[in-house]
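Peer 1: Right, I'll just put the structure down here and ask away after.
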Amino acid sequence: MIKTMTAQEKELMMYVAEDATYATGNQAIFKASDFVGATCVDSTNTIFRFYPQDVSRMGIGGDPAFDTFTLTHTEDAHIEVMKAVASAMSNPHGGFVVIQDDLGTAYSSDGSSSGAAMTDLRYAKIASTGTAVAVTAATITTVDA
Amino acid sequence: MKYLIVNDQATLTSMGAVDQTFMFPQNRVLGMESLTDTTTHLLIQGTNDVDDEDTIVLVHADKSAAATHKVERNLIDDMVSAINNDSRLGFTVLFDLLNNVKLPNQTLASSTFTED
């Protein structure tokens, strides 16, 4: 009798695409359980670090090189961006969240781009100023890319 | 998994450098230790170097003074509550100088985050 695995962890997967071209290395899925931390890069960028997908997290022979995605956002909106991503990652039921996709600037009738940034996240306004927050670019760095 | 956020910048236009704003999972907390009579460390497994630690310094009233002798002990209780908080939002802000968020027994000014 053949048995198949039916157990399923309630893992939360986050999808990030750098642009609408979907070129090799421009898309990745990050597991919430691999999340290490997030910090500022500069006034408009926040980096999210993850244990690498394709090598040991033990960093044998040295520290592991992290997989990362960096979101380029409204100036000084780091806290709001972190909160939105944290809320998405904390879903105890797991699932699939689009952090950023497409980012195209023009609609293509062949379906290659919707001409807009797509995301499942809703960023709150900067609390101290009421400035709306948006993400304008995403950059992926993975060990395997 | 829930997440914790700290921000040690009080001015919006000063944000964006390293060692300022930090988000990390609850399970990366390594421990707490008394540093001085007015500061307590919260140690986190390194975000950029996993065999080192990131350091959050929480300032509090002088525990050597009789009137505030228990302040660090109470602050540790505050931290444990925040770390274990099963927040529906998915995150808990430990402290945020910009938006004046702090733990009950913490002194917000000069509380810091340093990434190793």
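Ligands are numbered from 1 in the order shown, residues from 1 within each chain, and chains are lettered A, B, ... in the order they appear in the structure tokens.
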Considering only C-alpha atoms, extract the chain B residues located within 12 Å of chain A and return them as JSON, numbers by chain.

Peer 2: {"B": [1, 2, 3, 4, 5, 6, 7, 8, 9, 10, 11, 12, 13, 14, 15, 16, 17, 18, 19, 20, 21, 22, 23, 24, 25, 26, 27, 28, 29, 44, 45, 46, 47, 48, 49, 50, 51, 52, 54, 86, 87, 88, 89, 90, 91, 92, 93, 95, 96, 97, 98, 99, 100, 101, 113, 114, 115, 116]}

Peer 1: From the DSSP assignment of the backbone, select every residue of segment 1-75 of chain B that is alpha helix (DSSP H), and format the answer as a VMD selection string.

Peer 2: chain B and resid 71 to 75

Peer 1: Include N, CA and C atoms and write out the residues we just selected as a PDB file, in the first residue's frame.

Peer 2:
```pdb
ATOM      1  N   VAL B  71      12.423  48.963  40.041  1.00  0.00           N
ATOM      2  CA  VAL B  71      12.056  49.355  38.683  1.00  0.00           C
ATOM      3  C   VAL B  71      12.596  48.387  37.621  1.00  0.00           C
ATOM      4  N   GLU B  72      13.819  47.906  37.791  1.00  0.00           N
ATOM      5  CA  GLU B  72      14.354  46.988  36.791  1.00  0.00           C
ATOM      6  C   GLU B  72      13.606  45.653  36.819  1.00  0.00           C
ATOM      7  N   ARG B  73      13.304  45.186  38.009  1.00  0.00           N
ATOM      8  CA  ARG B  73      12.538  43.935  38.125  1.00  0.00           C
ATOM      9  C   ARG B  73      11.184  44.061  37.431  1.00  0.00           C
ATOM     10  N   ASN B  74      10.554  45.202  37.612  1.00  0.00           N
ATOM     11  CA  ASN B  74       9.257  45.427  36.965  1.00  0.00           C
ATOM     12  C   ASN B  74       9.410  45.576  35.451  1.00  0.00           C
ATOM     13  N   LEU B  75      10.516  46.186  35.024  1.00  0.00           N
ATOM     14  CA  LEU B  75      10.755  46.339  33.589  1.00  0.00           C
ATOM     15  C   LEU B  75      10.961  44.976  32.935  1.00  0.00           C
TER      16      LEU B  75
END
```

Peer 1: Quick one: residues within 8 Å of Leu71 of chain A, only C-alpha atoms, excluding same-chain residues fewer than 5 positions away - as an mmCIF file with C-alpha atoms, in the first residue's frame?

Peer 2:
```cif
data_model
loop_
_atom_site.group_PDB
_atom_site.id
_atom_site.type_symbol
_atom_site.label_atom_id
_atom_site.label_comp_id
_atom_site.auth_asym_id
_atom_site.auth_seq_id
_atom_site.Cartn_x
_atom_site.Cartn_y
_atom_site.Cartn_z
ATOM 1 C CA ASN A 45 14.748 51.104 2.025
ATOM 2 C CA THR A 46 14.050 48.338 4.527
ATOM 3 C CA ILE A 47 15.721 44.936 4.257
ATOM 4 C CA VAL A 135 6.294 50.559 -1.997
ATOM 5 C CA THR A 136 7.838 51.469 -5.333
ATOM 6 C CA ALA A 137 10.449 48.758 -5.823
ATOM 7 C CA ALA A 138 11.550 45.402 -4.519
ATOM 8 C CA THR A 139 15.007 43.864 -4.698
#
```
